[in-house]
Every structure is written in structure tokens, then in C-alpha cells.
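In what follows, a structure is listed as C-alpha cells, so that the remarks can point back to it.
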Amino acid sequence: MSVVVPVYRCLPYVEGCLRSVLAQTRPVDEIVLVDDRGGDASMAVAERYLTERCAPLRTVVHDRNRGLGRARNSGLAAATGDLIWFLDSDDQADPRFVELLAAALEDGSADFACTRTLRVDEGGRVLQVDEEPYGAMVVSGTDFAHRLVTGRAKAYACTKLFRRAMLGDRPWDEDQGYEDMAPLMRMSLAAARVALVDEPLYRYLYREGSISTSLSTRTLDLFTVERDVRAAVAAAGLSGRWTPELLGFRYREVLRSVAHVAMRADHVAASRPELYDTALGRVRGVVSVRDIVPLARTGHRREAVFAALLAVAPRLYSTILRYR
């Protein structure tokens, strides 16, 4: 069993991350560190921490910064385990993460196993559990894909334990942000069974400056993600059955996410961020008043309100968001 840890500008967090790996009640067979050339001491600290503890270590060094998707793929290529865990270097896992997910995977004869996520701040305070309770412990891949498109499950690579055969050679999207959303949709639709662990065993660090909280060109990659998710659903022959779900996905995961990141960046900046007009223009170019009723009818009420306000009163929506 291998754990792949991309290392990039994570100096305050990397020892805690690796401590949580070494504390696993079912030990991992190897830790693959991928140096994604962040220009700080993160990789040196990580290597020293593991070497001093005689941990089973492999290293991969990129020639330059290549992004999280390529780092995960590079680590996978160097890994030798039949089970693969992709752990983000600023996060931590419960000591029972590997034990419980591996048991669920094996007991359920599943292609991958997934746990729920504790979102924490930099002080370690739990902010929320990102997913609602799973209920069933083993579901079909199509059922899990439906959970992804409806937001009842999250496409975080790091909360899952995969059979290597499920992954292929380079599963994660490269040279773009949000590199796990579309690949997880494709994997889910290809999977026979997915095992679910209801107890939240992964601690996901929410911090300012991450791709999900900072306005950049990577924010706009969410439009590419939507295109790829729709293509995967279409290839599985499910577009017609999932029309309301795909509309909700567009508004929840793409349009609202891009708008929120752009507006919050505008709220804290001394002057309007460079990409603000581009991002809001892309969003408003897709938002349609014709979507309001279909969204509301299918239970996407927040998305319907968002569509209405973005279409007719974006400044009002930004003001409301500022004080939420």
C-alpha cells in the first residue's frame, strides 16, 4: 500500500501531514514524496522528518513546478503498492484512515473506498463536515457518480483509497486547476462498486491562498471541468436521465463557485482584481433567467436565487455575499 504526497510550499504543515501517515494503525508500505519545486524548504523538511524515523520513502523530483495533477501522476508512476492513497501535504488523516478504508474496500469488493471530510481551519477547529451521511456502505459506481453530480459526495482525491488497477497510468488532469473533479466522475462511472465509510476520517485544511479561495486563471478552469464532467456523463449514456442534476451541478459547482471567489477577492482588495470582470463576465454569459424555474422545481433553490440575482442584480448579490 502506497501513499503519494505532493510537496509544494507546505512548510508549516508538512510534518503534521507526515506524522498522521506514520500514526496509521495499518502501516503504509511506502511513502512517495513528489517535489513539485515550490522554492522553499518543504521537501527538505519532509525528507528529513521521514529519514530520521526510518520510514519507507521514495522521492520524485520535478524539474520545475508542474501542478498538483502532474505531481500525483508522477508519484503514482513511482509507487509500487496495489492500493494507492493520494494525501495532500497540508492535510491530515485520522490514524484509522487506512485501516478502515482498506477494510471497506476489501469487504465490499470495491474499486475504491471513500470517507467523509472534516473541514478545519488553521487552528484545528472543525468548520463543517463537507458531505451528508452516506447511508449505504457499498454503492454502484453509477450511484456514486450521481452523488458527485448532486453534491452528496465530493470529488476529493485525498479522501479515497484506490485499487491501482482502477487508476490507469495518469488518471489526474494536468495543467489545470480542480484536477480531480472530472477524473473522479470518469472513474466512478467505470467502477463496479464503491465502498463508503461514514465516519469522517480526513481533515481538510481550509486556508486563504488555496486555489479554492484565490481568484486566478485556475478559477476559470471550472468551466473546463464542467465540460469534461458532461462529456463523461454523456459517454455513459446518462445525459438525458441526469438533465436536472447537470443543471444543478453547473450552477452549484461552477457558476456560483467562480462568482463567489471573484466577489470575495473584490471585497478584500484595495482595487478591483484584474480577473474580476473576466470571471463575472463568463458567469453572467452562462446564467439564464430561463434556468430559474427548472432549478427551483428540482430542489436547487439556492441555485435558483443565485441565477435570479446574477441575471438582474449582481451588485446586490455581491453585497449579500459580503455580509454572509
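Identifiers for the C-alpha cells are assigned positionally: chains receive A, B, ... in sequence, residues are indexed from 1 per chain, and ligands are indexed from 1 in the order shown.
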
**Asked** Got a sec to tell me which of range 11-258 of chain A DSSP assigns to helix (DSSP H, G or I), as number ranges by chain?
**Response** A: 14-22, 42-52, 68-78, 97-107, 141-150, 157-159, 164-167, 181-190, 217-235, 243-258

**Asked** Could you pull out all residues of range 195-263 of chain A with a DSSP call of strand (DSSP E or B) and give them as a VMD selection string?
**Response** chain A and resid 195 to 205

Can you build me a table of range 200-296 of chain A residues sitting at most 9 Å from range 71-93 of chain A, with the closest atom pair per residue and its distance in Å to one decimal, using only C-alpha atoms, sorted by chain and residue number, as a tab-separated table?
```
residue	atom	partner	partner_atom	distance
A:Leu201	CA	A:Ala93	CA	5.9
A:Tyr202	CA	A:Ala93	CA	4.6
A:Arg203	CA	A:Gln92	CA	5.2
A:Tyr204	CA	A:Asp91	CA	5.3
A:Leu205	CA	A:Asp91	CA	5.6
```

Take the residues from that selection and put them in a file with N, CA and C atoms, as a short mmCIF file (atom, residue, chain, number, x, y, z; two decimals), in the first residue's frame.
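Here's the written file out21.cif:
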```cif
data_model
loop_
_atom_site.label_atom_id
_atom_site.label_comp_id
_atom_site.auth_asym_id
_atom_site.auth_seq_id
_atom_site.Cartn_x
_atom_site.Cartn_y
_atom_site.Cartn_z
N LEU A 201 -12.94 10.76 8.35
CA LEU A 201 -11.59 10.37 8.75
C LEU A 201 -10.50 11.24 8.13
N TYR A 202 -10.90 12.23 7.35
CA TYR A 202 -9.91 13.09 6.69
C TYR A 202 -10.10 14.53 7.14
N ARG A 203 -8.99 15.21 7.48
CA ARG A 203 -9.03 16.59 7.94
C ARG A 203 -8.47 17.49 6.83
N TYR A 204 -9.39 18.21 6.19
CA TYR A 204 -9.07 19.05 5.03
C TYR A 204 -8.87 20.48 5.52
N LEU A 205 -7.68 21.02 5.31
CA LEU A 205 -7.36 22.35 5.81
C LEU A 205 -7.91 23.43 4.88
#
```

**Prompt:** Quick one, how far is CA of Glu179 in chain A from CA of Ala304 in chain A?
**Reply:**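 Atom-to-atom, CA of Glu179 in chain A to CA of Ala304 in chain A, that is 27.1 Å.
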
**Item:** Interatomic distance (Å, one decimal) between CA of Ala259 in chain A and CA of Trp242 in chain A
**Value:** 24.2 Å

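For the pair CA of Ala145 in chain A and CA of Tyr178 in chain A, the separation is 16.7 Å.
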
**Prompt:** Residues at most 9 Å from range 220-227 of chain A, counting only C-alpha atoms, excluding those fewer than 6 positions away in the same chain, as an MDAnalysis selection string?
**Reply:** chainID A and resid 176:179 181:182 246 249:250 253:255 257:258 279 282

**Asked** From the set A:Tyr206, A:Thr142, A:Leu280, A:Thr159, which residue has the shortest atom-to-atom contact distance to Gly237 in chain A, counting only C-alpha atoms?
**Response**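 The closest residue to Gly237 in chain A is A:Thr142.
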
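Proximity ranking of A:Leu184, A:Val120, A:Ile292, A:Val14 relative to Phe306 in chain A places A:Ile292 first, based on only C-alpha atoms.
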
**Prompt:** Which residues come within 7 Å of Ser42 in chain A, counting only C-alpha atoms, excluding same-chain residues fewer than 4 positions away, as an NGL selection string?
**Reply:** :A and (7-11 or 14 or 46)
